[in-house]
>>> print(open('upload.txt').read())   # compact mmCIF, C-alpha atoms and all ligand atoms
# COMPACT_ATOMS: atom_id res chain seq x y z
CA MET A 1 -122.79 73.42 -123.16
CA LYS A 2 -119.02 73.77 -123.02
CA LEU A 3 -117.39 75.53 -120.09
CA TYR A 4 -113.80 76.64 -120.69
CA TYR A 5 -112.05 76.92 -117.34
CA SER A 6 -108.81 76.76 -115.44
CA GLU A 7 -108.32 76.05 -111.71
CA VAL A 8 -108.19 79.72 -110.73
CA LEU A 9 -110.40 82.38 -109.16
CA ASN A 10 -112.96 83.55 -111.73
CA PRO A 11 -113.59 80.17 -113.36
CA ARG A 12 -114.16 78.81 -109.86
CA LYS A 13 -117.43 80.79 -109.67
CA ALA A 14 -118.74 79.38 -112.95
CA CYS A 15 -117.62 75.82 -112.19
CA ALA A 16 -119.13 75.90 -108.67
CA VAL A 17 -122.51 77.10 -109.96
CA ALA A 18 -122.46 74.59 -112.83
CA ARG A 19 -121.80 71.76 -110.38
CA HIS A 20 -124.33 73.04 -107.84
CA LEU A 21 -127.01 73.08 -110.56
CA ASN A 22 -125.89 69.76 -111.97
CA ALA A 23 -125.82 71.50 -115.36
CA PRO A 24 -125.13 69.41 -118.46
CA ILE A 25 -121.60 70.69 -119.04
CA GLU A 26 -118.68 69.51 -121.09
CA TYR A 27 -115.63 70.94 -119.33
CA VAL A 28 -112.74 72.20 -121.46
CA HIS A 29 -109.51 72.85 -119.57
CA ILE A 30 -107.45 75.84 -120.69
CA ASP A 31 -103.79 75.74 -119.66
CA LEU A 32 -102.96 79.35 -118.77
CA GLY A 33 -99.29 78.48 -118.17
CA LYS A 34 -99.01 77.35 -121.79
CA GLY A 35 -100.87 80.45 -123.02
CA GLU A 36 -103.79 78.48 -124.46
CA GLN A 37 -106.04 81.48 -123.71
CA GLN A 38 -104.20 83.36 -126.49
CA SER A 39 -104.77 80.75 -129.19
CA PRO A 40 -106.75 82.01 -132.22
CA ALA A 41 -109.50 79.46 -131.51
CA PHE A 42 -109.91 80.66 -127.93
CA LEU A 43 -109.70 84.36 -128.83
CA ALA A 44 -112.53 83.78 -131.30
CA LEU A 45 -114.65 82.80 -128.28
CA ASN A 46 -113.39 85.49 -125.92
CA PRO A 47 -111.32 88.32 -127.43
CA ASN A 48 -110.17 89.19 -123.89
CA GLY A 49 -108.20 85.94 -123.75
CA LYS A 50 -109.58 85.04 -120.32
CA VAL A 51 -111.44 82.20 -118.64
CA PRO A 52 -114.18 81.29 -117.92
CA VAL A 53 -116.18 81.12 -121.16
CA LEU A 54 -119.47 79.30 -121.68
CA ALA A 55 -120.55 78.17 -125.16
CA ASP A 56 -124.17 77.06 -125.42
CA ASP A 57 -124.28 75.99 -129.07
CA ASP A 58 -123.63 79.29 -130.89
CA HIS A 59 -124.36 81.44 -127.86
CA VAL A 60 -121.10 82.44 -126.19
CA VAL A 61 -121.00 84.07 -122.75
CA TRP A 62 -117.87 85.41 -121.09
CA GLU A 63 -117.54 87.11 -117.69
CA SER A 64 -117.96 84.78 -114.72
CA ASN A 65 -120.89 86.70 -113.21
CA ALA A 66 -122.84 86.58 -116.47
CA ILE A 67 -122.07 82.86 -116.83
CA MET A 68 -123.40 82.14 -113.33
CA ALA A 69 -126.59 84.08 -114.09
CA TYR A 70 -126.97 82.36 -117.47
CA LEU A 71 -126.62 78.88 -115.98
CA ALA A 72 -129.07 79.68 -113.16
CA GLN A 73 -131.63 81.23 -115.50
CA LYS A 74 -131.40 78.32 -117.90
CA ALA A 75 -131.99 75.91 -115.00
CA GLY A 76 -134.90 78.00 -113.67
CA SER A 77 -132.98 78.36 -110.40
CA ASP A 78 -133.43 81.01 -107.72
CA LEU A 79 -129.66 81.43 -107.65
CA TRP A 80 -130.50 84.23 -110.12
CA PRO A 81 -133.86 85.37 -108.78
CA GLN A 82 -136.47 86.78 -111.13
CA ASP A 83 -138.09 89.17 -108.62
CA GLY A 84 -136.90 92.25 -106.73
CA ARG A 85 -134.00 90.27 -105.29
CA GLN A 86 -132.33 90.36 -108.71
CA ILE A 87 -131.43 94.04 -108.26
CA GLU A 88 -129.96 93.24 -104.85
CA VAL A 89 -127.89 90.44 -106.38
CA LEU A 90 -126.72 92.82 -109.12
CA ARG A 91 -125.79 95.42 -106.51
CA TRP A 92 -123.59 92.97 -104.62
CA LEU A 93 -122.03 91.60 -107.82
CA SER A 94 -121.11 95.15 -108.88
CA TRP A 95 -119.74 96.01 -105.44
CA ASP A 96 -117.74 92.80 -105.42
CA LEU A 97 -116.02 93.50 -108.74
CA THR A 98 -114.96 96.99 -107.74
CA HIS A 99 -114.26 96.54 -104.06
CA PHE A 100 -114.32 93.25 -102.19
CA THR A 101 -112.94 90.60 -104.55
CA HIS A 102 -111.06 93.31 -106.41
CA TYR A 103 -108.71 93.65 -103.43
CA ALA A 104 -108.88 90.00 -102.34
CA GLY A 105 -108.01 89.15 -105.95
CA THR A 106 -104.93 91.35 -105.79
CA LEU A 107 -103.73 89.42 -102.72
CA TYR A 108 -104.52 86.14 -104.49
CA PHE A 109 -102.51 87.31 -107.50
CA GLU A 110 -99.56 88.64 -105.51
CA HIS A 111 -99.23 85.63 -103.17
CA LEU A 112 -100.48 82.68 -105.21
CA ILE A 113 -100.56 83.35 -108.95
CA LYS A 114 -97.13 84.97 -109.13
CA ALA A 115 -95.62 81.90 -107.46
CA LYS A 116 -97.70 79.44 -109.49
CA PHE A 117 -96.64 80.94 -112.82
CA ASP A 118 -93.16 82.00 -111.67
CA ILE A 119 -93.65 85.68 -112.45
CA GLY A 120 -91.73 87.28 -109.61
CA PRO A 121 -92.14 88.03 -105.91
CA PRO A 122 -95.13 89.82 -104.34
CA ASP A 123 -95.05 93.62 -104.73
CA PRO A 124 -95.07 94.97 -101.13
CA ALA A 125 -96.81 98.23 -102.11
CA ALA A 126 -99.60 96.39 -103.95
CA VAL A 127 -100.00 93.99 -101.00
CA GLU A 128 -100.20 96.83 -98.48
CA GLU A 129 -102.76 98.78 -100.49
CA ALA A 130 -104.90 95.71 -101.17
CA THR A 131 -104.78 94.55 -97.54
CA GLY A 132 -105.95 97.94 -96.25
CA ASN A 133 -108.74 98.21 -98.79
CA PHE A 134 -109.81 94.61 -98.26
CA ARG A 135 -110.25 95.29 -94.54
CA LYS A 136 -112.30 98.41 -95.26
CA PHE A 137 -114.76 96.62 -97.54
CA ALA A 138 -114.78 93.37 -95.54
CA GLU A 139 -116.19 95.41 -92.65
CA VAL A 140 -119.14 96.40 -94.88
CA LEU A 141 -119.92 92.80 -95.82
CA ASN A 142 -119.31 91.56 -92.28
CA SER A 143 -121.90 94.05 -90.94
CA HIS A 144 -124.37 93.14 -93.68
CA LEU A 145 -124.11 89.45 -92.82
CA LYS A 146 -125.06 89.92 -89.15
CA GLY A 147 -128.27 87.93 -88.58
CA ARG A 148 -128.27 86.65 -92.17
CA GLN A 149 -127.65 83.23 -93.64
CA TYR A 150 -126.92 84.45 -97.15
CA VAL A 151 -126.11 87.79 -98.81
CA VAL A 152 -129.52 88.37 -100.45
CA GLY A 153 -132.87 87.27 -99.01
CA ASP A 154 -133.18 83.91 -97.29
CA GLY A 155 -131.50 81.73 -99.89
CA LEU A 156 -128.31 81.09 -101.75
CA THR A 157 -127.76 83.25 -104.86
CA VAL A 158 -124.95 83.85 -107.33
CA ALA A 159 -123.97 86.79 -105.10
CA ASP A 160 -122.75 84.30 -102.47
CA PHE A 161 -120.76 82.38 -105.09
CA ALA A 162 -119.13 85.61 -106.30
CA LEU A 163 -118.43 87.32 -102.99
CA ALA A 164 -116.96 84.24 -101.30
CA VAL A 165 -114.76 83.12 -104.18
CA SER A 166 -111.46 84.27 -102.66
CA LEU A 167 -112.15 82.84 -99.20
CA PRO A 168 -111.04 79.24 -99.88
CA TYR A 169 -107.62 80.73 -100.67
CA ALA A 170 -107.54 83.14 -97.71
CA GLN A 171 -104.73 81.48 -95.80
CA ASP A 172 -102.29 81.07 -98.69
CA ALA A 173 -103.24 84.40 -100.27
CA LYS A 174 -102.88 86.19 -96.90
CA ILE A 175 -106.39 87.61 -97.13
CA PRO A 176 -107.09 88.88 -93.60
CA VAL A 177 -110.48 87.26 -92.92
CA GLY A 178 -109.61 86.46 -89.29
CA ASP A 179 -110.99 89.76 -88.00
CA PHE A 180 -114.40 89.23 -89.59
CA PRO A 181 -116.43 86.58 -87.72
CA GLU A 182 -119.62 86.98 -89.78
CA LEU A 183 -117.64 86.42 -92.98
CA GLN A 184 -116.17 83.25 -91.51
CA ARG A 185 -119.56 81.97 -90.30
CA TRP A 186 -121.05 82.58 -93.76
CA HIS A 187 -118.13 80.89 -95.49
CA GLU A 188 -118.47 77.87 -93.19
CA ARG A 189 -122.10 77.57 -94.32
CA LEU A 190 -121.00 77.58 -97.99
CA ASN A 191 -118.39 74.96 -97.15
CA ALA A 192 -121.23 72.54 -96.45
CA LEU A 193 -121.95 72.52 -100.21
CA PRO A 194 -119.98 69.89 -102.19
CA ALA A 195 -120.01 72.21 -105.22
CA TRP A 196 -118.36 74.90 -103.17
CA ARG A 197 -115.67 72.68 -101.68
CA GLU A 198 -114.90 70.89 -104.92
CA PRO A 199 -115.98 73.06 -107.88
CA PHE A 200 -113.54 71.90 -110.52
CA PRO A 201 -114.45 68.96 -112.72
CA SER A 202 -112.16 66.44 -111.07
CA PHE A 203 -115.49 65.36 -109.51
CA VAL A 204 -116.67 64.21 -112.95
CA ALA A 205 -116.06 60.49 -113.37
CA ALA A 206 -113.49 59.90 -116.09
N1 LIG B 1 -113.91 89.69 -115.31
C1 LIG B 1 -113.51 88.38 -115.82
C2 LIG B 1 -112.10 88.10 -115.39
C3 LIG B 1 -111.54 86.84 -116.04
C4 LIG B 1 -110.09 86.64 -115.64
O1 LIG B 1 -109.38 87.57 -115.21
N2 LIG B 1 -109.64 85.40 -115.79
C5 LIG B 1 -108.28 85.09 -115.49
C6 LIG B 1 -108.23 83.90 -114.54
S1 LIG B 1 -108.93 84.28 -112.97
C7 LIG B 1 -107.54 84.71 -116.77
O2 LIG B 1 -108.12 84.07 -117.63
N3 LIG B 1 -106.28 85.09 -116.89
C8 LIG B 1 -105.48 84.70 -118.01
C9 LIG B 1 -104.78 85.87 -118.66
O3 LIG B 1 -105.07 87.02 -118.30
O4 LIG B 1 -103.94 85.61 -119.52
C10 LIG B 1 -114.48 87.30 -115.27
O5 LIG B 1 -115.01 87.49 -114.18
O6 LIG B 1 -114.71 86.30 -115.95
>>> encode(input="upload.txt", output="structure tokens", more="lines below")
Ligand SMILES: N[C@@H](CCC(=O)N[C@@H](CS)C(=O)NCC(=O)O)C(=O)O
Amino acid sequence: MKLYYSEVLNPRKACAVARHLNAPIEYVHIDLGKGEQQSPAFLALNPNGKVPVLADDDHVVWESNAIMAYLAQKAGSDLWPQDGRQIEVLRWLSWDLTHFTHYAGTLYFEHLIKAKFDIGPPDPAAVEEATGNFRKFAEVLNSHLKGRQYVVGDGLTVADFALAVSLPYAQDAKIPVGDFPELQRWHERLNALPAWREPFPSFVAA
């Protein structure tokens, strides 16, 4: 399987799950700064021109959440559970895309990506709106995590990998996690996983 990635937010989910599962992956780096995601060869894989993309022979999967689920299902892993927990995982993945990481992602873009790719200063209005909305939805997740180790059931799932993806960048992206102790406790637990701390394939021996 080939996993097309770059060292940014959404590919981080796919790379972390691939490493956690020890999946047999050939990593293909896409240089977003050089616009490699717009090359005809890449657009033939993903017409959206975005990473990550997984190619399993002729089967191509884009969208990081779908890639995580695909890798887990292929490995027979409970990261994508096959019982009633699957609906719960889907619920949190959907909520994450629209609410939680949607706003954390805006802060990541405004504070980190704009500087990294030299595309202007943060937009104060976008930052203010995203910060307020992040706080609102972080409260929901913080309450849910009280008394829990993981987001769904008793074990790690792809929902944890998705929901926590912005947290390693919280300080630099000015994502206000400081007011949410359950979020921090949960993220510390994920930090015990090597695949979480170091998801990108620099861990692969050259
Ligand atoms: N919903 C997609 C989002 C993918 C996405 O936005 N990828 C960004 C990196 S985090 C990208 O490839 N940006 C390059 C571009 O838009 O040119 C997913 O979860 O995979």
>>> residues_near_ligand(input="upload.txt", ligand="ligand LIG 1 (chain B)", cutoff="8 Å", atoms="all atoms listed in the file", output="number ranges by chain")
A: 6, 8-11, 32, 35, 37-38, 48-53, 62-65, 97
>>> closest_residue(input="upload.txt", among="A:Leu167, A:Leu112, A:Ala173, A:Ala69", to="Arg185 in chain A", atoms="only C-alpha atoms")
A:Leu167
>>> atom_distance(input="upload.txt", atom1="CA of Leu45 in chain A", atom2="CA of Leu156 in chain A")
29.9 Å
>>> residues_around(input="upload.txt", residues="range 199-203 of chain A", least_positions_apart="2", cutoff="12 Å", atoms="only C-alpha atoms", output="PyMOL selection string")
chain A and resi 3-23+25-29+52+161+165+168+190-191+193-197+205-206
>>> closest_residue(input="upload.txt", among="A:Lys136, A:Lys2, A:His102, A:His111", to="Leu54 in chain A", atoms="all atoms listed in the file")
A:Lys2
>>> closest_residue(input="upload.txt", among="A:Thr131, A:Ile30, A:Phe42, A:Trp186", to="Gly147 in chain A", atoms="only C-alpha atoms")
A:Trp186
>>> closest_residue(input="upload.txt", among="A:Gly178, A:Pro81, A:Pro40, A:Pro24", to="Ala159 in chain A", atoms="only C-alpha atoms")
A:Pro81
>>> axis_aligned_box(input="upload.txt", around="range 1-16 of chain A", padding_each_side="3 Å", output="AutoDock Vina command-line options")
--center_x -115.5 --center_y 78.5 --center_z -115.9 --size_x 20.6 --size_y 16.1 --size_z 20.5
>>> atom_distance(input="upload.txt", atom1="CA of Glu88 in chain A", atom2="CA of Arg148 in chain A")
14.4 Å
>>> closest_residue(input="upload.txt", among="A:Val158, A:Asp58, A:Leu141, A:Thr98", to="Tyr70 in chain A", atoms="all atoms listed in the file")
A:Val158
>>> atom_distance(input="upload.txt", atom1="CA of Asp96 in chain A", atom2="CA of Asp78 in chain A")
19.8 Å
>>> closest_residue(input="upload.txt", among="A:Leu90, A:Leu71, A:Val61, A:Leu183", to="His144 in chain A", atoms="all atoms listed in the file")
A:Leu183
>>> residues_around(input="upload.txt", residues="Phe109 in chain A", least_positions_apart="3", cutoff="12 Å", atoms="only C-alpha atoms", output="ChimeraX atom specification")
/A:8-10,101-106,112-123,126-127,130,166,169-170,172-175
>>> build_atoms(input="upload.txt", residues="range 17-52 of chain A", atoms="N, CA and C atoms", output="CSV table (one decimal), in the coordinates of the input")
chain,number,residue,atom,x,y,z
A,17,VAL,N,-121.1,77.0,-109.7
A,17,VAL,CA,-122.5,77.1,-110.0
A,17,VAL,C,-122.9,76.0,-110.9
A,18,ALA,N,-122.1,75.7,-111.9
A,18,ALA,CA,-122.5,74.6,-112.8
A,18,ALA,C,-122.6,73.3,-112.1
A,19,ARG,N,-121.7,73.0,-111.1
A,19,ARG,CA,-121.8,71.8,-110.4
A,19,ARG,C,-123.0,71.8,-109.5
A,20,HIS,N,-123.2,72.9,-108.8
A,20,HIS,CA,-124.3,73.0,-107.8
A,20,HIS,C,-125.7,72.8,-108.5
A,21,LEU,N,-125.8,73.2,-109.8
A,21,LEU,CA,-127.0,73.1,-110.6
A,21,LEU,C,-127.1,71.7,-111.3
A,22,ASN,N,-126.0,71.0,-111.2
A,22,ASN,CA,-125.9,69.8,-112.0
A,22,ASN,C,-126.2,70.0,-113.5
A,23,ALA,N,-125.6,71.1,-114.0
A,23,ALA,CA,-125.8,71.5,-115.4
A,23,ALA,C,-125.1,70.5,-116.3
A,24,PRO,N,-125.7,70.3,-117.5
A,24,PRO,CA,-125.1,69.4,-118.5
A,24,PRO,C,-123.9,70.1,-119.2
A,25,ILE,N,-122.8,69.9,-118.6
A,25,ILE,CA,-121.6,70.7,-119.0
A,25,ILE,C,-120.5,69.7,-119.6
A,26,GLU,N,-119.9,70.1,-120.7
A,26,GLU,CA,-118.7,69.5,-121.1
A,26,GLU,C,-117.6,70.5,-120.7
A,27,TYR,N,-116.7,70.1,-119.8
A,27,TYR,CA,-115.6,70.9,-119.3
A,27,TYR,C,-114.4,70.9,-120.3
A,28,VAL,N,-113.9,72.1,-120.6
A,28,VAL,CA,-112.7,72.2,-121.5
A,28,VAL,C,-111.7,72.9,-120.7
A,29,HIS,N,-110.6,72.2,-120.4
A,29,HIS,CA,-109.5,72.8,-119.6
A,29,HIS,C,-108.6,73.7,-120.4
A,30,ILE,N,-108.4,74.9,-120.0
A,30,ILE,CA,-107.4,75.8,-120.7
A,30,ILE,C,-106.2,76.0,-119.8
A,31,ASP,N,-105.1,75.7,-120.4
A,31,ASP,CA,-103.8,75.7,-119.7
A,31,ASP,C,-103.2,77.1,-119.8
A,32,LEU,N,-103.4,77.9,-118.7
A,32,LEU,CA,-103.0,79.4,-118.8
A,32,LEU,C,-101.4,79.4,-118.8
A,33,GLY,N,-100.8,78.5,-118.2
A,33,GLY,CA,-99.3,78.5,-118.2
A,33,GLY,C,-98.7,78.3,-119.6
A,34,LYS,N,-99.5,77.6,-120.4
A,34,LYS,CA,-99.0,77.4,-121.8
A,34,LYS,C,-99.5,78.4,-122.7
A,35,GLY,N,-100.3,79.4,-122.2
A,35,GLY,CA,-100.9,80.4,-123.0
A,35,GLY,C,-102.0,80.0,-123.9
A,36,GLU,N,-102.7,78.9,-123.6
A,36,GLU,CA,-103.8,78.5,-124.5
A,36,GLU,C,-104.9,79.5,-124.6
A,37,GLN,N,-105.0,80.4,-123.6
A,37,GLN,CA,-106.0,81.5,-123.7
A,37,GLN,C,-105.8,82.5,-124.8
A,38,GLN,N,-104.6,82.4,-125.4
A,38,GLN,CA,-104.2,83.4,-126.5
A,38,GLN,C,-104.2,82.7,-127.8
A,39,SER,N,-104.7,81.4,-127.9
A,39,SER,CA,-104.8,80.8,-129.2
A,39,SER,C,-105.9,81.4,-130.0
A,40,PRO,N,-105.7,81.4,-131.4
A,40,PRO,CA,-106.8,82.0,-132.2
A,40,PRO,C,-108.1,81.4,-132.0
A,41,ALA,N,-108.2,80.1,-131.7
A,41,ALA,CA,-109.5,79.5,-131.5
A,41,ALA,C,-110.1,80.0,-130.2
A,42,PHE,N,-109.3,80.2,-129.2
A,42,PHE,CA,-109.9,80.7,-127.9
A,42,PHE,C,-110.3,82.1,-128.0
A,43,LEU,N,-109.4,82.9,-128.7
A,43,LEU,CA,-109.7,84.4,-128.8
A,43,LEU,C,-111.0,84.6,-129.7
A,44,ALA,N,-111.3,83.7,-130.5
A,44,ALA,CA,-112.5,83.8,-131.3
A,44,ALA,C,-113.7,83.7,-130.4
A,45,LEU,N,-113.6,82.9,-129.3
A,45,LEU,CA,-114.6,82.8,-128.3
A,45,LEU,C,-114.7,84.0,-127.3
A,46,ASN,N,-113.5,84.4,-126.9
A,46,ASN,CA,-113.4,85.5,-125.9
A,46,ASN,C,-112.2,86.3,-126.3
A,47,PRO,N,-112.4,87.5,-127.0
A,47,PRO,CA,-111.3,88.3,-127.4
A,47,PRO,C,-110.5,88.9,-126.3
A,48,ASN,N,-111.0,88.8,-125.0
A,48,ASN,CA,-110.2,89.2,-123.9
A,48,ASN,C,-109.1,88.2,-123.5
A,49,GLY,N,-109.2,87.0,-124.1
A,49,GLY,CA,-108.2,85.9,-123.8
A,49,GLY,C,-108.2,85.5,-122.3
A,50,LYS,N,-109.4,85.4,-121.7
A,50,LYS,CA,-109.6,85.0,-120.3
A,50,LYS,C,-110.6,84.0,-120.1
A,51,VAL,N,-110.4,83.2,-119.1
A,51,VAL,CA,-111.4,82.2,-118.6
A,51,VAL,C,-112.2,82.7,-117.4
A,52,PRO,N,-113.4,82.3,-117.2
A,52,PRO,CA,-114.2,81.3,-117.9
A,52,PRO,C,-114.9,81.8,-119.2
